[in-house]
>>> print(open('my_file_7.tsv').read())   # TSV, N, CA and C atoms and all ligand atoms
chain	number	residue	atom	x	y	z
A	47	MET	N	11.31	55.64	-57.74
A	47	MET	CA	11.07	54.48	-56.86
A	47	MET	C	9.73	54.64	-56.15
A	48	MET	N	8.86	53.66	-56.33
A	48	MET	CA	7.57	53.71	-55.66
A	48	MET	C	7.72	53.47	-54.16
A	49	PRO	N	7.15	54.36	-53.35
A	49	PRO	CA	7.28	54.18	-51.89
A	49	PRO	C	6.55	52.93	-51.39
A	50	LEU	N	5.55	52.46	-52.12
A	50	LEU	CA	4.77	51.31	-51.66
A	50	LEU	C	5.23	50.00	-52.29
A	51	LYS	N	6.32	50.05	-53.03
A	51	LYS	CA	6.82	48.85	-53.67
A	51	LYS	C	7.51	47.95	-52.64
A	52	ARG	N	7.19	46.67	-52.68
A	52	ARG	CA	7.80	45.71	-51.77
A	52	ARG	C	8.30	44.51	-52.56
A	53	THR	N	9.34	43.89	-52.09
A	53	THR	CA	9.81	42.66	-52.72
A	53	THR	C	8.97	41.49	-52.22
A	54	CYS	N	9.03	40.36	-52.94
A	54	CYS	CA	8.28	39.18	-52.53
A	54	CYS	C	8.69	38.73	-51.13
A	55	LYS	N	9.96	38.86	-50.83
A	55	LYS	CA	10.46	38.46	-49.51
A	55	LYS	C	9.80	39.31	-48.42
A	56	GLU	N	9.71	40.62	-48.68
A	56	GLU	CA	9.09	41.52	-47.71
A	56	GLU	C	7.61	41.21	-47.56
A	57	VAL	N	6.96	40.92	-48.69
A	57	VAL	CA	5.52	40.67	-48.67
A	57	VAL	C	5.19	39.38	-47.91
A	58	THR	N	5.95	38.33	-48.15
A	58	THR	CA	5.68	37.08	-47.42
A	58	THR	C	5.92	37.28	-45.93
A	59	ALA	N	6.93	38.07	-45.58
A	59	ALA	CA	7.18	38.38	-44.17
A	59	ALA	C	5.99	39.14	-43.57
A	60	LEU	N	5.40	40.04	-44.36
A	60	LEU	CA	4.24	40.81	-43.89
A	60	LEU	C	3.03	39.90	-43.69
A	61	VAL	N	2.85	38.93	-44.59
A	61	VAL	CA	1.72	38.00	-44.48
A	61	VAL	C	1.83	37.22	-43.17
A	62	VAL	N	3.03	36.81	-42.84
A	62	VAL	CA	3.25	36.07	-41.59
A	62	VAL	C	3.09	36.99	-40.38
A	63	ALA	N	3.66	38.19	-40.47
A	63	ALA	CA	3.62	39.14	-39.36
A	63	ALA	C	2.20	39.58	-39.05
A	64	ARG	N	1.37	39.63	-40.09
A	64	ARG	CA	-0.03	40.05	-39.95
A	64	ARG	C	-0.78	39.17	-38.95
A	65	GLU	N	-0.32	37.93	-38.77
A	65	GLU	CA	-0.96	37.01	-37.83
A	65	GLU	C	-0.74	37.42	-36.38
A	66	ASP	N	0.37	38.10	-36.15
A	66	ASP	CA	0.74	38.43	-34.77
A	66	ASP	C	0.43	39.86	-34.38
A	67	ARG	N	0.41	40.75	-35.36
A	67	ARG	CA	0.22	42.16	-35.04
A	67	ARG	C	-0.50	42.85	-36.18
A	68	ALA	N	-1.19	43.94	-35.84
A	68	ALA	CA	-1.86	44.72	-36.87
A	68	ALA	C	-0.83	45.51	-37.65
A	69	LEU	N	-0.95	45.47	-38.96
A	69	LEU	CA	0.00	46.19	-39.80
A	69	LEU	C	-0.45	47.63	-39.98
A	70	PRO	N	0.52	48.56	-40.09
A	70	PRO	CA	0.16	49.94	-40.40
A	70	PRO	C	-0.53	50.02	-41.77
A	71	LEU	N	-1.31	51.05	-41.95
A	71	LEU	CA	-2.07	51.20	-43.20
A	71	LEU	C	-1.16	51.14	-44.43
A	72	SER	N	0.00	51.79	-44.35
A	72	SER	CA	0.90	51.82	-45.51
A	72	SER	C	1.37	50.42	-45.88
A	73	GLU	N	1.59	49.56	-44.87
A	73	GLU	CA	2.03	48.19	-45.15
A	73	GLU	C	0.88	47.36	-45.73
A	74	ARG	N	-0.32	47.56	-45.20
A	74	ARG	CA	-1.49	46.84	-45.74
A	74	ARG	C	-1.72	47.22	-47.20
A	75	LEU	N	-1.55	48.51	-47.49
A	75	LEU	CA	-1.71	49.01	-48.85
A	75	LEU	C	-0.63	48.42	-49.77
A	76	ALA	N	0.61	48.44	-49.31
A	76	ALA	CA	1.72	47.89	-50.09
A	76	ALA	C	1.49	46.42	-50.37
A	77	LEU	N	0.98	45.71	-49.38
A	77	LEU	CA	0.67	44.28	-49.51
A	77	LEU	C	-0.36	44.06	-50.61
A	78	ARG	N	-1.43	44.86	-50.56
A	78	ARG	CA	-2.51	44.70	-51.53
A	78	ARG	C	-2.03	45.01	-52.95
A	79	ILE	N	-1.25	46.08	-53.07
A	79	ILE	CA	-0.73	46.46	-54.39
A	79	ILE	C	0.16	45.35	-54.94
A	80	HIS	N	1.01	44.82	-54.09
A	80	HIS	CA	1.92	43.75	-54.53
A	80	HIS	C	1.14	42.52	-54.99
A	81	MET	N	0.10	42.17	-54.24
A	81	MET	CA	-0.70	40.98	-54.57
A	81	MET	C	-1.35	41.11	-55.95
A	82	ASN	N	-1.58	42.36	-56.38
A	82	ASN	CA	-2.26	42.57	-57.66
A	82	ASN	C	-1.37	42.28	-58.87
A	83	PHE	N	-0.07	42.44	-58.71
A	83	PHE	CA	0.78	42.20	-59.88
A	83	PHE	C	1.70	40.99	-59.72
A	84	CYS	N	1.70	40.37	-58.53
A	84	CYS	CA	2.59	39.24	-58.30
A	84	CYS	C	1.82	37.93	-58.43
A	85	ASP	N	2.45	36.93	-59.01
A	85	ASP	CA	1.81	35.61	-59.14
A	85	ASP	C	2.10	34.72	-57.94
A	86	ALA	N	3.30	34.85	-57.40
A	86	ALA	CA	3.74	33.91	-56.36
A	86	ALA	C	3.15	34.23	-54.99
A	87	CYS	N	3.09	35.50	-54.63
A	87	CYS	CA	2.69	35.86	-53.27
A	87	CYS	C	1.24	35.51	-52.94
A	88	PRO	N	0.28	35.71	-53.86
A	88	PRO	CA	-1.09	35.25	-53.55
A	88	PRO	C	-1.14	33.75	-53.29
A	89	VAL	N	-0.32	32.99	-54.01
A	89	VAL	CA	-0.28	31.54	-53.80
A	89	VAL	C	0.27	31.24	-52.40
A	90	PHE	N	1.34	31.94	-52.05
A	90	PHE	CA	1.91	31.77	-50.71
A	90	PHE	C	0.88	32.11	-49.65
A	91	GLU	N	0.17	33.25	-49.84
A	91	GLU	CA	-0.80	33.69	-48.86
A	91	GLU	C	-1.91	32.65	-48.67
A	92	ARG	N	-2.38	32.08	-49.79
A	92	ARG	CA	-3.44	31.09	-49.73
A	92	ARG	C	-2.97	29.84	-48.96
A	93	GLN	N	-1.76	29.40	-49.28
A	93	GLN	CA	-1.23	28.22	-48.60
A	93	GLN	C	-1.00	28.49	-47.12
A	94	PHE	N	-0.53	29.70	-46.83
A	94	PHE	CA	-0.27	30.06	-45.44
A	94	PHE	C	-1.57	30.09	-44.65
A	95	MET	N	-2.63	30.67	-45.24
A	95	MET	CA	-3.93	30.73	-44.58
A	95	MET	C	-4.50	29.34	-44.35
A	96	THR	N	-4.36	28.47	-45.36
A	96	THR	CA	-4.84	27.10	-45.23
A	96	THR	C	-4.14	26.38	-44.09
A	97	LEU	N	-2.82	26.54	-44.05
A	97	LEU	CA	-2.02	25.93	-42.99
A	97	LEU	C	-2.43	26.48	-41.62
A	98	ARG	N	-2.59	27.79	-41.55
A	98	ARG	CA	-2.96	28.44	-40.29
A	98	ARG	C	-4.32	27.95	-39.81
A	99	ASN	N	-5.28	27.87	-40.74
A	99	ASN	CA	-6.61	27.40	-40.37
A	99	ASN	C	-6.58	25.95	-39.91
A	100	ALA	N	-5.78	25.14	-40.60
A	100	ALA	CA	-5.67	23.73	-40.23
A	100	ALA	C	-5.07	23.61	-38.84
A	101	LEU	N	-4.05	24.41	-38.56
A	101	LEU	CA	-3.43	24.38	-37.23
A	101	LEU	C	-4.40	24.82	-36.16
A	102	ARG	N	-5.19	25.86	-36.48
A	102	ARG	CA	-6.14	26.39	-35.52
A	102	ARG	C	-7.21	25.34	-35.19
A	103	GLN	N	-7.69	24.66	-36.24
A	103	GLN	CA	-8.69	23.61	-36.03
A	103	GLN	C	-8.11	22.47	-35.21
A	104	TRP	N	-6.88	22.13	-35.50
A	104	TRP	CA	-6.22	21.06	-34.77
A	104	TRP	C	-6.09	21.43	-33.31
A	105	HIS	N	-5.73	22.70	-33.04
A	105	HIS	CA	-5.59	23.16	-31.66
A	105	HIS	C	-6.92	23.10	-30.93
A	106	SER	N	-8.00	23.55	-31.58
A	106	SER	CA	-9.29	23.53	-30.90
A	106	SER	C	-9.77	22.10	-30.71
A	107	TYR	N	-9.42	21.24	-31.64
A	107	TYR	CA	-9.74	19.82	-31.50
A	107	TYR	C	-9.01	19.24	-30.29
A	108	GLN	N	-7.73	19.60	-30.19
A	108	GLN	CA	-6.92	19.11	-29.07
A	108	GLN	C	-7.48	19.57	-27.73
A	109	SER	N	-7.84	20.87	-27.63
A	109	SER	CA	-8.30	21.38	-26.33
A	109	SER	C	-9.68	20.83	-26.00
A	110	ARG	N	-10.48	20.58	-27.05
A	110	ARG	CA	-11.79	19.96	-26.81
A	110	ARG	C	-11.59	18.55	-26.24
A	111	ASP	N	-10.63	17.89	-26.80
A	111	ASP	CA	-10.30	16.53	-26.37
A	111	ASP	C	-9.89	16.53	-24.91
A	112	ASN	N	-9.09	17.53	-24.52
A	112	ASN	CA	-8.56	17.58	-23.16
A	112	ASN	C	-9.64	17.90	-22.13
A	113	ASP	N	-10.70	18.60	-22.58
A	113	ASP	CA	-11.75	18.98	-21.65
A	113	ASP	C	-12.59	17.80	-21.22
A	114	GLU	N	-12.65	16.79	-22.07
A	114	GLU	CA	-13.53	15.68	-21.76
A	114	GLU	C	-12.93	14.69	-20.75
B	1	ZN	ZN	5.47	38.71	-54.73
>>> encode(input="my_file_7.tsv", output="structure tokens", more="lines below")
Ligand SMILES: [Zn+2]
Amino acid sequence: MMPLKRTCKEVTALVVAREDRALPLSERLALRIHMNFCDACPVFERQFMTLRNALRQWHSYQSRDNDE
């Protein structure tokens, strides 16, 4: 059993958790290894990043609006 092997469920949870806290090196490594052989998780990560960026832009737009 590979110590750095993660399931897709664990990897998607790590992608989300990475937004709130710094991941330990072993988890970052496991994430990268998983992304190399998995088809679904890189897609999830891309969509999650797009969504996160869109939300962030919307938030800054909102606060800019409120300042005026
Ligand atoms: Zn996966």
>>> closest_atom_pairs(input="my_file_7.tsv", of="chain A", to="ligand ZN 1 (chain B)", cutoff="12 Å", atoms="only C-alpha atoms and all ligand atoms", output="Markdown table")
| residue | atom | partner | partner_atom | distance |
| --- | --- | --- | --- | --- |
| A:Lys51 | CA | B:ZN1 | ZN | 10.3 |
| A:Arg52 | CA | B:ZN1 | ZN | 7.9 |
| A:Thr53 | CA | B:ZN1 | ZN | 6.2 |
| A:Cys54 | CA | B:ZN1 | ZN | 3.6 |
| A:Lys55 | CA | B:ZN1 | ZN | 7.2 |
| A:Glu56 | CA | B:ZN1 | ZN | 8.4 |
| A:Val57 | CA | B:ZN1 | ZN | 6.4 |
| A:Thr58 | CA | B:ZN1 | ZN | 7.5 |
| A:Ala59 | CA | B:ZN1 | ZN | 10.7 |
| A:Leu60 | CA | B:ZN1 | ZN | 11.1 |
| A:Val61 | CA | B:ZN1 | ZN | 10.9 |
| A:Ala76 | CA | B:ZN1 | ZN | 10.9 |
| A:Leu77 | CA | B:ZN1 | ZN | 9.0 |
| A:Arg78 | CA | B:ZN1 | ZN | 10.5 |
| A:Ile79 | CA | B:ZN1 | ZN | 9.9 |
| A:His80 | CA | B:ZN1 | ZN | 6.2 |
| A:Met81 | CA | B:ZN1 | ZN | 6.6 |
| A:Asn82 | CA | B:ZN1 | ZN | 9.1 |
| A:Phe83 | CA | B:ZN1 | ZN | 7.8 |
| A:Cys84 | CA | B:ZN1 | ZN | 4.6 |
| A:Asp85 | CA | B:ZN1 | ZN | 6.5 |
| A:Ala86 | CA | B:ZN1 | ZN | 5.4 |
| A:Cys87 | CA | B:ZN1 | ZN | 4.2 |
| A:Pro88 | CA | B:ZN1 | ZN | 7.5 |
| A:Val89 | CA | B:ZN1 | ZN | 9.2 |
| A:Phe90 | CA | B:ZN1 | ZN | 8.8 |
| A:Glu91 | CA | B:ZN1 | ZN | 9.9 |
>>> select_by_dssp(input="my_file_7.tsv", residues="chain A", states="helix (DSSP H, G or I)", output="PDB file with N, CA and C atoms, in the frame of the given file")
ATOM      1  N   CYS A  54       9.030  40.360 -52.940  1.00  0.00           N
ATOM      2  CA  CYS A  54       8.280  39.180 -52.530  1.00  0.00           C
ATOM      3  C   CYS A  54       8.690  38.730 -51.130  1.00  0.00           C
ATOM      4  N   LYS A  55       9.960  38.860 -50.830  1.00  0.00           N
ATOM      5  CA  LYS A  55      10.460  38.460 -49.510  1.00  0.00           C
ATOM      6  C   LYS A  55       9.800  39.310 -48.420  1.00  0.00           C
ATOM      7  N   GLU A  56       9.710  40.620 -48.680  1.00  0.00           N
ATOM      8  CA  GLU A  56       9.090  41.520 -47.710  1.00  0.00           C
ATOM      9  C   GLU A  56       7.610  41.210 -47.560  1.00  0.00           C
ATOM     10  N   VAL A  57       6.960  40.920 -48.690  1.00  0.00           N
ATOM     11  CA  VAL A  57       5.520  40.670 -48.670  1.00  0.00           C
ATOM     12  C   VAL A  57       5.190  39.380 -47.910  1.00  0.00           C
ATOM     13  N   THR A  58       5.950  38.330 -48.150  1.00  0.00           N
ATOM     14  CA  THR A  58       5.680  37.080 -47.420  1.00  0.00           C
ATOM     15  C   THR A  58       5.920  37.280 -45.930  1.00  0.00           C
ATOM     16  N   ALA A  59       6.930  38.070 -45.580  1.00  0.00           N
ATOM     17  CA  ALA A  59       7.180  38.380 -44.170  1.00  0.00           C
ATOM     18  C   ALA A  59       5.990  39.140 -43.570  1.00  0.00           C
ATOM     19  N   LEU A  60       5.400  40.040 -44.360  1.00  0.00           N
ATOM     20  CA  LEU A  60       4.240  40.810 -43.890  1.00  0.00           C
ATOM     21  C   LEU A  60       3.030  39.900 -43.690  1.00  0.00           C
ATOM     22  N   VAL A  61       2.850  38.930 -44.590  1.00  0.00           N
ATOM     23  CA  VAL A  61       1.720  38.000 -44.480  1.00  0.00           C
ATOM     24  C   VAL A  61       1.830  37.220 -43.170  1.00  0.00           C
ATOM     25  N   VAL A  62       3.030  36.810 -42.840  1.00  0.00           N
ATOM     26  CA  VAL A  62       3.250  36.070 -41.590  1.00  0.00           C
ATOM     27  C   VAL A  62       3.090  36.990 -40.380  1.00  0.00           C
ATOM     28  N   ALA A  63       3.660  38.190 -40.470  1.00  0.00           N
ATOM     29  CA  ALA A  63       3.620  39.140 -39.360  1.00  0.00           C
ATOM     30  C   ALA A  63       2.200  39.580 -39.050  1.00  0.00           C
ATOM     31  N   LEU A  71      -1.310  51.050 -41.950  1.00  0.00           N
ATOM     32  CA  LEU A  71      -2.070  51.200 -43.200  1.00  0.00           C
ATOM     33  C   LEU A  71      -1.160  51.140 -44.430  1.00  0.00           C
ATOM     34  N   SER A  72       0.000  51.790 -44.350  1.00  0.00           N
ATOM     35  CA  SER A  72       0.900  51.820 -45.510  1.00  0.00           C
ATOM     36  C   SER A  72       1.370  50.420 -45.880  1.00  0.00           C
ATOM     37  N   GLU A  73       1.590  49.560 -44.870  1.00  0.00           N
ATOM     38  CA  GLU A  73       2.030  48.190 -45.150  1.00  0.00           C
ATOM     39  C   GLU A  73       0.880  47.360 -45.730  1.00  0.00           C
ATOM     40  N   ARG A  74      -0.320  47.560 -45.200  1.00  0.00           N
ATOM     41  CA  ARG A  74      -1.490  46.840 -45.740  1.00  0.00           C
ATOM     42  C   ARG A  74      -1.720  47.220 -47.200  1.00  0.00           C
ATOM     43  N   LEU A  75      -1.550  48.510 -47.490  1.00  0.00           N
ATOM     44  CA  LEU A  75      -1.710  49.010 -48.850  1.00  0.00           C
ATOM     45  C   LEU A  75      -0.630  48.420 -49.770  1.00  0.00           C
ATOM     46  N   ALA A  76       0.610  48.440 -49.310  1.00  0.00           N
ATOM     47  CA  ALA A  76       1.720  47.890 -50.090  1.00  0.00           C
ATOM     48  C   ALA A  76       1.490  46.420 -50.370  1.00  0.00           C
ATOM     49  N   LEU A  77       0.980  45.710 -49.380  1.00  0.00           N
ATOM     50  CA  LEU A  77       0.670  44.280 -49.510  1.00  0.00           C
ATOM     51  C   LEU A  77      -0.360  44.060 -50.610  1.00  0.00           C
ATOM     52  N   ARG A  78      -1.430  44.860 -50.560  1.00  0.00           N
ATOM     53  CA  ARG A  78      -2.510  44.700 -51.530  1.00  0.00           C
ATOM     54  C   ARG A  78      -2.030  45.010 -52.950  1.00  0.00           C
ATOM     55  N   ILE A  79      -1.250  46.080 -53.070  1.00  0.00           N
ATOM     56  CA  ILE A  79      -0.730  46.460 -54.390  1.00  0.00           C
ATOM     57  C   ILE A  79       0.160  45.350 -54.940  1.00  0.00           C
ATOM     58  N   HIS A  80       1.010  44.820 -54.090  1.00  0.00           N
ATOM     59  CA  HIS A  80       1.920  43.750 -54.530  1.00  0.00           C
ATOM     60  C   HIS A  80       1.140  42.520 -54.990  1.00  0.00           C
ATOM     61  N   MET A  81       0.100  42.170 -54.240  1.00  0.00           N
ATOM     62  CA  MET A  81      -0.700  40.980 -54.570  1.00  0.00           C
ATOM     63  C   MET A  81      -1.350  41.110 -55.950  1.00  0.00           C
ATOM     64  N   ASN A  82      -1.580  42.360 -56.380  1.00  0.00           N
ATOM     65  CA  ASN A  82      -2.260  42.570 -57.660  1.00  0.00           C
ATOM     66  C   ASN A  82      -1.370  42.280 -58.870  1.00  0.00           C
ATOM     67  N   PHE A  83      -0.070  42.440 -58.710  1.00  0.00           N
ATOM     68  CA  PHE A  83       0.780  42.200 -59.880  1.00  0.00           C
ATOM     69  C   PHE A  83       1.700  40.990 -59.720  1.00  0.00           C
ATOM     70  N   ALA A  86       3.300  34.850 -57.400  1.00  0.00           N
ATOM     71  CA  ALA A  86       3.740  33.910 -56.360  1.00  0.00           C
ATOM     72  C   ALA A  86       3.150  34.230 -54.990  1.00  0.00           C
ATOM     73  N   CYS A  87       3.090  35.500 -54.630  1.00  0.00           N
ATOM     74  CA  CYS A  87       2.690  35.860 -53.270  1.00  0.00           C
ATOM     75  C   CYS A  87       1.240  35.510 -52.940  1.00  0.00           C
ATOM     76  N   PRO A  88       0.280  35.710 -53.860  1.00  0.00           N
ATOM     77  CA  PRO A  88      -1.090  35.250 -53.550  1.00  0.00           C
ATOM     78  C   PRO A  88      -1.140  33.750 -53.290  1.00  0.00           C
ATOM     79  N   VAL A  89      -0.320  32.990 -54.010  1.00  0.00           N
ATOM     80  CA  VAL A  89      -0.280  31.540 -53.800  1.00  0.00           C
ATOM     81  C   VAL A  89       0.270  31.240 -52.400  1.00  0.00           C
ATOM     82  N   PHE A  90       1.340  31.940 -52.050  1.00  0.00           N
ATOM     83  CA  PHE A  90       1.910  31.770 -50.710  1.00  0.00           C
ATOM     84  C   PHE A  90       0.880  32.110 -49.650  1.00  0.00           C
ATOM     85  N   GLU A  91       0.170  33.250 -49.840  1.00  0.00           N
ATOM     86  CA  GLU A  91      -0.800  33.690 -48.860  1.00  0.00           C
ATOM     87  C   GLU A  91      -1.910  32.650 -48.670  1.00  0.00           C
ATOM     88  N   ARG A  92      -2.380  32.080 -49.790  1.00  0.00           N
ATOM     89  CA  ARG A  92      -3.440  31.090 -49.730  1.00  0.00           C
ATOM     90  C   ARG A  92      -2.970  29.840 -48.960  1.00  0.00           C
ATOM     91  N   GLN A  93      -1.760  29.400 -49.280  1.00  0.00           N
ATOM     92  CA  GLN A  93      -1.230  28.220 -48.600  1.00  0.00           C
ATOM     93  C   GLN A  93      -1.000  28.490 -47.120  1.00  0.00           C
ATOM     94  N   PHE A  94      -0.530  29.700 -46.830  1.00  0.00           N
ATOM     95  CA  PHE A  94      -0.270  30.060 -45.440  1.00  0.00           C
ATOM     96  C   PHE A  94      -1.570  30.090 -44.650  1.00  0.00           C
ATOM     97  N   MET A  95      -2.630  30.670 -45.240  1.00  0.00           N
ATOM     98  CA  MET A  95      -3.930  30.730 -44.580  1.00  0.00           C
ATOM     99  C   MET A  95      -4.500  29.340 -44.350  1.00  0.00           C
ATOM    100  N   THR A  96      -4.360  28.470 -45.360  1.00  0.00           N
ATOM    101  CA  THR A  96      -4.840  27.100 -45.230  1.00  0.00           C
ATOM    102  C   THR A  96      -4.140  26.380 -44.090  1.00  0.00           C
ATOM    103  N   LEU A  97      -2.820  26.540 -44.050  1.00  0.00           N
ATOM    104  CA  LEU A  97      -2.020  25.930 -42.990  1.00  0.00           C
ATOM    105  C   LEU A  97      -2.430  26.480 -41.620  1.00  0.00           C
ATOM    106  N   ARG A  98      -2.590  27.790 -41.550  1.00  0.00           N
ATOM    107  CA  ARG A  98      -2.960  28.440 -40.290  1.00  0.00           C
ATOM    108  C   ARG A  98      -4.320  27.950 -39.810  1.00  0.00           C
ATOM    109  N   ASN A  99      -5.280  27.870 -40.740  1.00  0.00           N
ATOM    110  CA  ASN A  99      -6.610  27.400 -40.370  1.00  0.00           C
ATOM    111  C   ASN A  99      -6.580  25.950 -39.910  1.00  0.00           C
ATOM    112  N   ALA A 100      -5.780  25.140 -40.600  1.00  0.00           N
ATOM    113  CA  ALA A 100      -5.670  23.730 -40.230  1.00  0.00           C
ATOM    114  C   ALA A 100      -5.070  23.610 -38.840  1.00  0.00           C
ATOM    115  N   LEU A 101      -4.050  24.410 -38.560  1.00  0.00           N
ATOM    116  CA  LEU A 101      -3.430  24.380 -37.230  1.00  0.00           C
ATOM    117  C   LEU A 101      -4.400  24.820 -36.160  1.00  0.00           C
ATOM    118  N   ARG A 102      -5.190  25.860 -36.480  1.00  0.00           N
ATOM    119  CA  ARG A 102      -6.140  26.390 -35.520  1.00  0.00           C
ATOM    120  C   ARG A 102      -7.210  25.340 -35.190  1.00  0.00           C
ATOM    121  N   GLN A 103      -7.690  24.660 -36.240  1.00  0.00           N
ATOM    122  CA  GLN A 103      -8.690  23.610 -36.030  1.00  0.00           C
ATOM    123  C   GLN A 103      -8.110  22.470 -35.210  1.00  0.00           C
ATOM    124  N   TRP A 104      -6.880  22.130 -35.500  1.00  0.00           N
ATOM    125  CA  TRP A 104      -6.220  21.060 -34.770  1.00  0.00           C
ATOM    126  C   TRP A 104      -6.090  21.430 -33.310  1.00  0.00           C
ATOM    127  N   HIS A 105      -5.730  22.700 -33.040  1.00  0.00           N
ATOM    128  CA  HIS A 105      -5.590  23.160 -31.660  1.00  0.00           C
ATOM    129  C   HIS A 105      -6.920  23.100 -30.930  1.00  0.00           C
ATOM    130  N   SER A 106      -8.000  23.550 -31.580  1.00  0.00           N
ATOM    131  CA  SER A 106      -9.290  23.530 -30.900  1.00  0.00           C
ATOM    132  C   SER A 106      -9.770  22.100 -30.710  1.00  0.00           C
ATOM    133  N   TYR A 107      -9.420  21.240 -31.640  1.00  0.00           N
ATOM    134  CA  TYR A 107      -9.740  19.820 -31.500  1.00  0.00           C
ATOM    135  C   TYR A 107      -9.010  19.240 -30.290  1.00  0.00           C
ATOM    136  N   GLN A 108      -7.730  19.600 -30.190  1.00  0.00           N
ATOM    137  CA  GLN A 108      -6.920  19.110 -29.070  1.00  0.00           C
ATOM    138  C   GLN A 108      -7.480  19.570 -27.730  1.00  0.00           C
ATOM    139  N   SER A 109      -7.840  20.870 -27.630  1.00  0.00           N
ATOM    140  CA  SER A 109      -8.300  21.380 -26.330  1.00  0.00           C
ATOM    141  C   SER A 109      -9.680  20.830 -26.000  1.00  0.00           C
ATOM    142  N   ARG A 110     -10.480  20.580 -27.050  1.00  0.00           N
ATOM    143  CA  ARG A 110     -11.790  19.960 -26.810  1.00  0.00           C
ATOM    144  C   ARG A 110     -11.590  18.550 -26.240  1.00  0.00           C
ATOM    145  N   ASP A 111     -10.630  17.890 -26.800  1.00  0.00           N
ATOM    146  CA  ASP A 111     -10.300  16.530 -26.370  1.00  0.00           C
ATOM    147  C   ASP A 111      -9.890  16.530 -24.910  1.00  0.00           C
ATOM    148  N   ASN A 112      -9.090  17.530 -24.520  1.00  0.00           N
ATOM    149  CA  ASN A 112      -8.560  17.580 -23.160  1.00  0.00           C
ATOM    150  C   ASN A 112      -9.640  17.900 -22.130  1.00  0.00           C
ATOM    151  N   ASP A 113     -10.700  18.600 -22.580  1.00  0.00           N
ATOM    152  CA  ASP A 113     -11.750  18.980 -21.650  1.00  0.00           C
ATOM    153  C   ASP A 113     -12.590  17.800 -21.220  1.00  0.00           C
TER     154      ASP A 113
END
>>> atom_distance(input="my_file_7.tsv", atom1="atom CA of A:Gln103", atom2="atom CA of A:Pro70")
28.1 Å
>>> atom_distance(input="my_file_7.tsv", atom1="atom C of A:Arg98", atom2="atom CA of A:Arg64")
12.8 Å
>>> atom_distance(input="my_file_7.tsv", atom1="atom CA of A:Val62", atom2="atom CA of A:Met95")
9.4 Å
